[in-house]
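The data block below is entry_29.cif; it holds mmCIF, C-alpha atoms.
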```
data_query
#
loop_
_atom_site.label_atom_id
_atom_site.label_comp_id
_atom_site.auth_asym_id
_atom_site.auth_seq_id
_atom_site.Cartn_x
_atom_site.Cartn_y
_atom_site.Cartn_z
CA MET A 1 -143.02 -124.09 75.02
CA SER A 2 -142.78 -125.27 71.42
CA LYS A 3 -139.50 -125.55 69.54
CA LYS A 4 -140.44 -122.53 67.34
CA GLU A 5 -141.10 -120.41 70.42
CA GLU A 6 -137.83 -121.53 71.97
CA ASN A 7 -135.95 -120.72 68.76
CA SER A 8 -137.56 -117.26 68.61
CA LEU A 9 -136.50 -116.57 72.17
CA LEU A 10 -132.99 -117.78 71.35
CA PHE A 11 -132.94 -115.53 68.26
CA ILE A 12 -133.89 -112.49 70.36
CA TRP A 13 -131.16 -113.38 72.83
CA ILE A 14 -128.51 -113.80 70.12
CA VAL A 15 -129.37 -110.49 68.43
CA SER A 16 -129.38 -108.60 71.73
CA VAL A 17 -126.08 -110.14 72.89
CA VAL A 18 -124.39 -109.41 69.55
CA ALA A 19 -125.67 -105.80 69.68
CA THR A 20 -124.52 -105.44 73.28
CA LEU A 21 -121.07 -106.85 72.55
CA GLY A 22 -120.84 -104.71 69.40
CA SER A 23 -121.56 -101.53 71.33
CA LEU A 24 -119.00 -102.50 73.96
CA TYR A 25 -116.48 -103.24 71.20
CA PHE A 26 -116.93 -99.78 69.70
CA SER A 27 -116.62 -98.02 73.07
CA GLU A 28 -114.08 -100.16 74.93
CA ILE A 29 -111.85 -101.55 72.15
CA ARG A 30 -112.12 -98.87 69.44
CA HIS A 31 -112.47 -96.11 72.07
CA TYR A 32 -115.45 -94.43 70.36
CA GLU A 33 -117.08 -92.34 73.06
CA PRO A 34 -120.87 -92.81 72.92
CA CYS A 35 -123.08 -89.75 72.63
CA LYS A 36 -126.18 -89.30 74.78
CA MET A 37 -128.47 -90.89 72.20
CA CYS A 38 -126.16 -93.91 71.98
CA TRP A 39 -126.46 -94.29 75.75
CA ILE A 40 -130.25 -94.20 75.51
CA GLN A 41 -130.14 -96.96 72.89
CA ARG A 42 -127.90 -99.00 75.18
CA ILE A 43 -130.37 -98.49 78.04
CA PHE A 44 -132.98 -100.29 75.94
CA MET A 45 -130.72 -102.97 74.42
CA TYR A 46 -128.71 -104.24 77.37
CA PRO A 47 -131.73 -105.28 79.49
CA ILE A 48 -133.11 -107.31 76.56
CA ALA A 49 -129.97 -109.46 76.67
CA ILE A 50 -130.36 -109.98 80.41
CA MET A 51 -134.13 -110.58 80.33
CA THR A 52 -133.97 -113.08 77.49
CA THR A 53 -131.14 -114.98 79.19
CA ILE A 54 -133.38 -115.54 82.20
CA ALA A 55 -136.48 -116.16 80.07
CA PHE A 56 -134.66 -118.74 77.95
CA ILE A 57 -133.50 -120.63 81.04
CA GLN A 58 -137.03 -120.52 82.47
CA LYS A 59 -138.64 -121.28 79.07
CA ASN A 60 -140.80 -118.19 79.55
CA ALA A 61 -142.13 -116.81 76.26
CA ARG A 62 -144.19 -114.13 78.04
CA ILE A 63 -141.08 -111.92 78.06
CA ALA A 64 -141.84 -111.17 74.40
CA VAL A 65 -144.22 -108.35 75.34
CA THR A 66 -141.47 -106.64 77.31
CA THR A 67 -138.82 -107.17 74.64
CA ALA A 68 -141.22 -105.79 72.03
CA VAL A 69 -141.78 -102.62 74.06
CA PHE A 70 -138.05 -102.14 74.67
CA ALA A 71 -137.31 -102.76 70.98
CA ILE A 72 -139.94 -100.29 69.78
CA ILE A 73 -138.72 -97.52 72.10
CA GLY A 74 -135.03 -98.23 71.43
CA GLY A 75 -135.71 -98.53 67.70
CA SER A 76 -137.48 -95.18 67.68
CA VAL A 77 -134.46 -93.54 69.30
CA SER A 78 -132.16 -95.31 66.80
CA LEU A 79 -134.28 -94.17 63.85
CA TYR A 80 -134.22 -90.55 65.03
CA HIS A 81 -130.48 -90.76 65.73
CA TYR A 82 -129.85 -92.19 62.26
CA GLY A 83 -132.04 -89.45 60.80
CA ILE A 84 -130.05 -86.64 62.41
CA GLN A 85 -126.87 -88.24 61.06
CA LYS A 86 -128.09 -88.64 57.48
CA LEU A 87 -130.79 -86.01 56.86
CA SER A 88 -129.57 -82.42 56.75
CA PHE A 89 -132.89 -80.88 57.79
CA LEU A 90 -132.89 -83.01 60.95
CA ALA A 91 -129.17 -82.47 61.61
CA ALA A 92 -129.72 -78.71 61.69
CA SER A 93 -132.22 -79.11 64.52
CA ALA A 94 -130.33 -81.86 66.37
CA PRO A 95 -130.22 -81.50 70.13
CA SER A 96 -126.98 -80.66 71.85
CA CYS A 97 -125.50 -83.96 72.94
CA GLY A 98 -122.70 -82.82 75.19
CA ALA A 99 -119.03 -83.74 74.67
CA VAL A 100 -119.74 -86.01 71.68
CA SER A 101 -122.01 -84.82 68.89
CA CYS A 102 -124.98 -87.03 68.05
CA THR A 103 -124.54 -86.11 64.39
CA GLY A 104 -120.99 -87.52 64.31
CA GLN A 105 -120.36 -90.78 62.48
CA TYR A 106 -117.56 -92.95 63.79
CA ILE A 107 -118.28 -95.47 61.04
CA ASN A 108 -119.95 -95.02 57.66
CA TRP A 109 -119.71 -98.36 55.91
CA LEU A 110 -121.02 -98.43 52.31
CA GLY A 111 -122.12 -94.82 52.76
CA PHE A 112 -125.13 -95.64 54.96
CA ILE A 113 -124.24 -98.09 57.74
CA THR A 114 -123.57 -96.18 60.96
CA ILE A 115 -123.73 -97.30 64.58
CA PRO A 116 -127.36 -96.11 65.02
CA PHE A 117 -128.24 -98.00 61.80
CA LEU A 118 -126.77 -101.18 63.30
CA ALA A 119 -128.75 -100.62 66.51
CA LEU A 120 -131.93 -99.95 64.50
CA THR A 121 -131.44 -103.20 62.60
CA ALA A 122 -131.08 -105.12 65.87
CA PHE A 123 -134.17 -103.48 67.36
CA ILE A 124 -136.21 -104.29 64.24
CA LEU A 125 -135.11 -107.94 64.35
CA ILE A 126 -135.93 -108.16 68.05
CA ALA A 127 -139.33 -106.50 67.60
CA GLY A 128 -140.20 -108.81 64.71
CA ALA A 129 -139.24 -111.94 66.64
CA SER A 130 -141.06 -110.63 69.72
CA PHE A 131 -144.29 -110.09 67.77
CA TYR A 132 -143.96 -113.55 66.26
CA LEU A 133 -143.45 -115.01 69.73
CA ILE A 134 -146.47 -113.11 71.11
CA LYS A 135 -148.63 -114.45 68.28
CA ALA A 136 -147.25 -117.99 68.63
CA THR A 137 -147.96 -118.12 72.38
CA LYS A 138 -151.52 -116.82 71.90
CA THR A 139 -152.37 -119.38 69.23
CA ALA A 140 -150.88 -122.21 71.33
CA LYS A 141 -153.37 -121.54 74.16
#
```
Would you give me this structure, written as structure tokens?
Amino acid sequence: MSKKEENSLLFIWIVSVVATLGSLYFSEIRHYEPCKMCWIQRIFMYPIAIMTTIAFIQKNARIAVTTAVFAIIGGSVSLYHYGIQKLSFLAASAPSCGAVSCTGQYINWLGFITIPFLALTAFILIAGASFYLIKATKTAK
């Protein structure tokens, strides 16, 4: 594994761990109860942190395909969740999310940064690094 591949894997790990710790901070420290869509995003983020920990120890860049898939699915959920928070025509048709509304915004920094936006940013960074890693491992062969 080249140094660039190793750094890409480390980048994916750092982003996923920061996102995981951030979500735990909001729910466990700030006591923001996650809605159903937030839980779905967590279902796709948390395993990336675990998988890349193991892959980094093993120096296994092949995990990039899996992290890319998880990031694309999780990012799609984040994008939709952000859309129902910020776009009125989507908010009107938002699914019922149970005890906590998916349209609610615990944070709204600078008028556009919400928790789903933060998750979307992390998923985009992970997907980009994963695609780079996939390309780098194919050209190295």
Decode the PyMOL selection byres ((chain A and resi 68) around 10) for the given file into explicit residues and return them as a PDB file with C-alpha atoms, in the frame of the given file.
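Once written, result.pdb looks like this:
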```pdb
ATOM      1  CA  ILE A  48    -133.110-107.310  76.560  1.00  0.00           C
ATOM      2  CA  ILE A  63    -141.080-111.920  78.060  1.00  0.00           C
ATOM      3  CA  ALA A  64    -141.840-111.170  74.400  1.00  0.00           C
ATOM      4  CA  VAL A  65    -144.220-108.350  75.340  1.00  0.00           C
ATOM      5  CA  THR A  66    -141.470-106.640  77.310  1.00  0.00           C
ATOM      6  CA  THR A  67    -138.820-107.170  74.640  1.00  0.00           C
ATOM      7  CA  VAL A  69    -141.780-102.620  74.060  1.00  0.00           C
ATOM      8  CA  PHE A  70    -138.050-102.140  74.670  1.00  0.00           C
ATOM      9  CA  ALA A  71    -137.310-102.760  70.980  1.00  0.00           C
ATOM     10  CA  ILE A  72    -139.940-100.290  69.780  1.00  0.00           C
ATOM     11  CA  ILE A  73    -138.720 -97.520  72.100  1.00  0.00           C
ATOM     12  CA  GLY A  74    -135.030 -98.230  71.430  1.00  0.00           C
ATOM     13  CA  PHE A 123    -134.170-103.480  67.360  1.00  0.00           C
ATOM     14  CA  ILE A 124    -136.210-104.290  64.240  1.00  0.00           C
ATOM     15  CA  ILE A 126    -135.930-108.160  68.050  1.00  0.00           C
ATOM     16  CA  ALA A 127    -139.330-106.500  67.600  1.00  0.00           C
ATOM     17  CA  GLY A 128    -140.200-108.810  64.710  1.00  0.00           C
ATOM     18  CA  ALA A 129    -139.240-111.940  66.640  1.00  0.00           C
ATOM     19  CA  SER A 130    -141.060-110.630  69.720  1.00  0.00           C
ATOM     20  CA  PHE A 131    -144.290-110.090  67.770  1.00  0.00           C
ATOM     21  CA  LEU A 133    -143.450-115.010  69.730  1.00  0.00           C
ATOM     22  CA  ILE A 134    -146.470-113.110  71.110  1.00  0.00           C
TER      23      ILE A 134
END
```
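Between atom CA of A:Ser8 and atom CA of A:Phe44 the interatomic distance comes to 19.0 Å.
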Item to check | Residue contacts of A:Ser2 (10 Å, all atoms listed in the file) excluding same-chain residues fewer than 2 positions away, as an MDAnalysis selection string | outcome: chainID A and resid 4:8 59 61 136:137 140
Taking every listed atom of stretch 24-27 of chain A and adding 8 Å to each side, what centre and edge lengths in Å (one decimal) does the axis-aligned box have, as JSON?
```
{"center_x": -117.7, "center_y": -100.6, "center_z": 71.8, "size_x": 18.5, "size_y": 21.2, "size_z": 20.3}
```
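Shortest atom-to-atom contact with A:Ser23 among A:Ile107, A:Gly75, A:Lys36, A:Arg42: A:Arg42, counting only C-alpha atoms.
Atom CA of A:Cys35 sits 5.7 Å away from atom CA of A:Cys102.
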Item to check | Of the listed residues A:Arg62, A:Lys3, A:His81, A:Arg30, that which approaches A:Leu118 most closely, counting all atoms listed in the file | outcome: A:His81
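From atom CA of A:Val77 back to atom CA of A:Ile29, the distance works out to 24.2 Å.
Proximity ranking of A:Gly98, A:Phe89, A:Phe26, A:Ala119 relative to A:Tyr46 places A:Ala119 first, based on all atoms listed in the file.
The residues returned by the PyMOL selection byres ((chain A and resi 13) around 8) on the shown structure are Leu9, Leu10, Phe11, Ile12, Ile14, Val15, Ser16, Val17, Ile48, Ala49, Thr52 and Thr53 of chain A.
With distances taken over all atoms listed in the file, A:Gln85 is the one residue among A:Gln85, A:Pro47, A:Ser78, A:Ala55 lying closest to A:Tyr106.
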